[in-house]
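The next block holds one structure in the form of structure tokens; read it before the comments.
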Amino acid sequence: MRCPICREDNDRVIDSRTSDDGFVIRRRRHCNHCGNRYTTFEKMAELQISVIKKNQQKEPFNSEKIMRGVMRACWKRPVTQEQIEELTASVEREILTDHQGEIESYMIGQITMRYLLQLDQVAYVRFASVYREFKDLQDFITEIQRFTTGDRF
Ligand SMILES: [Zn+2]
């Protein structure tokens, strides 16, 4: 990391902290050249992942869409919002860890289903039946949005 004061690329990290949501890493750095200290913020590669849809179009990865789909599947099930958020975070973490650059939308559906099966079987079946019918998570999400837009449950 280039020092903002002397422009030399010779630093060491003296402290690293993750934000509460776990997606931003704050690093305190010390410039070995001029001795100044500065802070950098690193965001997870979330925005760098593209989702390849069935029609081969790409769109930026957005975990909100996963969460909406899971929420719909868990409708009236004994599942807390916190569990849904944890599941979404797990899916997102796996995608960001194992898939560099891009991921096919059907893969997101499969990963989500794997976690959902551990959480609630009824929700899993709901998610899977809708998902299989459409064969594409994006179609599912679009359908979900029709129900959820402006009408939060
Ligand atoms: Zn410096």
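Residues are referred to by chain and number: the chain letter is A, B, ... according to the order shown in the structure tokens, the number counts from 1 in that chain, and ligands are numbered separately from 1 in the order shown.
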
Practice item. Quick one: everything within 8 Å of Ser16 of chain A, counting only C-alpha atoms, minus sequence neighbours fewer than 6 positions away in the same chain. Send it as an MDAnalysis selection string. Key: chainID A and resid 25:28

Selection above as a file: C-alpha atoms, as a PDB file, in the first residue's frame:
ATOM      1  CA  ILE A  25     -11.537  -4.531   7.288  1.00  0.00           C
ATOM      2  CA  ARG A  26      -9.944  -1.447   8.788  1.00  0.00           C
ATOM      3  CA  ARG A  27      -6.165  -1.561   8.775  1.00  0.00           C
ATOM      4  CA  ARG A  28      -3.884   0.787  10.636  1.00  0.00           C
TER       5      ARG A  28
END

Exercise for review: Any chance you could list, as a PyMOL selection string, the residues in chain A that come up alpha helix (DSSP H) when DSSP is run on the backbone?
Suggested key: chain A and resi 63-73+81-98+105-119+121-134+137-148

Point to revise | Exercise: segment 80-92 of chain A partners within 12 Å, only C-alpha atoms, chain neighbours under 4 positions left out, as a PyMOL selection string | key: chain A and resi 21-23+44-47+49+61-76+96-99+103+107-120+123+153

With ligand 1 as the partner and 7 Å as the cut-off, tabulate the residues of chain A that qualify, each row holding the nearest pair of atoms and their distance in Å to one decimal, using only C-alpha atoms and all ligand atoms, sorted by chain and rising number, as JSON lines.
{"residue": "A:Cys3", "atom": "CA", "partner": "ligand 1", "partner_atom_place_in_ligand_line": "1 (Zn)", "distance": 4.6}
{"residue": "A:Pro4", "atom": "CA", "partner": "ligand 1", "partner_atom_place_in_ligand_line": "1 (Zn)", "distance": 6.7}
{"residue": "A:Ile5", "atom": "CA", "partner": "ligand 1", "partner_atom_place_in_ligand_line": "1 (Zn)", "distance": 5.2}
{"residue": "A:Cys6", "atom": "CA", "partner": "ligand 1", "partner_atom_place_in_ligand_line": "1 (Zn)", "distance": 4.1}
{"residue": "A:Arg7", "atom": "CA", "partner": "ligand 1", "partner_atom_place_in_ligand_line": "1 (Zn)", "distance": 6.0}
{"residue": "A:Glu8", "atom": "CA", "partner": "ligand 1", "partner_atom_place_in_ligand_line": "1 (Zn)", "distance": 5.6}
{"residue": "A:Cys31", "atom": "CA", "partner": "ligand 1", "partner_atom_place_in_ligand_line": "1 (Zn)", "distance": 4.6}
{"residue": "A:Asn32", "atom": "CA", "partner": "ligand 1", "partner_atom_place_in_ligand_line": "1 (Zn)", "distance": 6.7}
{"residue": "A:His33", "atom": "CA", "partner": "ligand 1", "partner_atom_place_in_ligand_line": "1 (Zn)", "distance": 5.0}
{"residue": "A:Cys34", "atom": "CA", "partner": "ligand 1", "partner_atom_place_in_ligand_line": "1 (Zn)", "distance": 4.1}
{"residue": "A:Gly35", "atom": "CA", "partner": "ligand 1", "partner_atom_place_in_ligand_line": "1 (Zn)", "distance": 6.0}
{"residue": "A:Asn36", "atom": "CA", "partner": "ligand 1", "partner_atom_place_in_ligand_line": "1 (Zn)", "distance": 5.7}

Using N, CA and C atoms, can you export the residues from the last selection as an mmCIF file, in the first residue's frame?
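Result went into out38.cif, see below:
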data_model
loop_
_atom_site.group_PDB
_atom_site.id
_atom_site.type_symbol
_atom_site.label_atom_id
_atom_site.label_comp_id
_atom_site.auth_asym_id
_atom_site.auth_seq_id
_atom_site.Cartn_x
_atom_site.Cartn_y
_atom_site.Cartn_z
ATOM 1 N N CYS A 3 2.089 4.909 0.675
ATOM 2 C CA CYS A 3 1.876 5.889 1.744
ATOM 3 C C CYS A 3 1.263 7.170 1.161
ATOM 4 N N PRO A 4 0.179 7.675 1.749
ATOM 5 C CA PRO A 4 -0.467 8.884 1.210
ATOM 6 C C PRO A 4 0.368 10.145 1.448
ATOM 7 N N ILE A 5 1.359 10.069 2.305
ATOM 8 C CA ILE A 5 2.151 11.260 2.619
ATOM 9 C C ILE A 5 3.431 11.327 1.776
ATOM 10 N N CYS A 6 4.227 10.254 1.808
ATOM 11 C CA CYS A 6 5.496 10.295 1.062
ATOM 12 C C CYS A 6 5.451 9.482 -0.234
ATOM 13 N N ARG A 7 4.365 8.765 -0.452
ATOM 14 C CA ARG A 7 4.158 8.005 -1.698
ATOM 15 C C ARG A 7 5.044 6.764 -1.835
ATOM 16 N N GLU A 8 5.808 6.449 -0.807
ATOM 17 C CA GLU A 8 6.624 5.230 -0.870
ATOM 18 C C GLU A 8 5.730 4.006 -0.608
ATOM 19 N N CYS A 31 4.086 3.660 7.901
ATOM 20 C CA CYS A 31 4.992 3.794 6.764
ATOM 21 C C CYS A 31 6.430 3.669 7.267
ATOM 22 N N ASN A 32 7.138 2.700 6.745
ATOM 23 C CA ASN A 32 8.524 2.485 7.180
ATOM 24 C C ASN A 32 9.463 3.569 6.644
ATOM 25 N N HIS A 33 8.994 4.281 5.638
ATOM 26 C CA HIS A 33 9.845 5.293 5.018
ATOM 27 C C HIS A 33 9.800 6.618 5.776
ATOM 28 N N CYS A 34 8.585 7.173 6.003
ATOM 29 C CA CYS A 34 8.487 8.474 6.656
ATOM 30 C C CYS A 34 7.954 8.389 8.086
ATOM 31 N N GLY A 35 7.536 7.229 8.497
ATOM 32 C CA GLY A 35 7.104 7.045 9.880
ATOM 33 C C GLY A 35 5.662 7.447 10.168
ATOM 34 N N ASN A 36 4.942 7.946 9.160
ATOM 35 C CA ASN A 36 3.555 8.339 9.388
ATOM 36 C C ASN A 36 2.642 7.114 9.492
#

Review point. Which residues come within 9 Å of Ile52 of chain A, counting only C-alpha atoms, excluding same-chain residues fewer than 6 positions away, as a list in words?
Key: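 Close residues of Ile52 of chain A: Lys58, Glu59, Pro60, Glu102, Ile103, Glu104, Ser105 and Tyr106 of chain A.
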
Practice item. Could you jot down the atom CA of Arg29 of chain A to atom CA of Lys43 of chain A separation for me, Å, one decimal place? Key: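 Atom CA of Lys43 of chain A lies 16.2 Å from atom CA of Arg29 of chain A.
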
Practice item. Report the residues of segment 29-90 of chain A whose backbone DSSP state falls under strand (DSSP E or B), written as a list in words. Key: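 The strand (DSSP E or B) subset of segment 29-90 of chain A is Arg29, His30, Cys31, Arg37, Tyr38, Thr39, Thr40, Phe41, Glu42, Lys43, Ser50, Val51, Ile52, Lys58, Glu59 and Pro60 of chain A.
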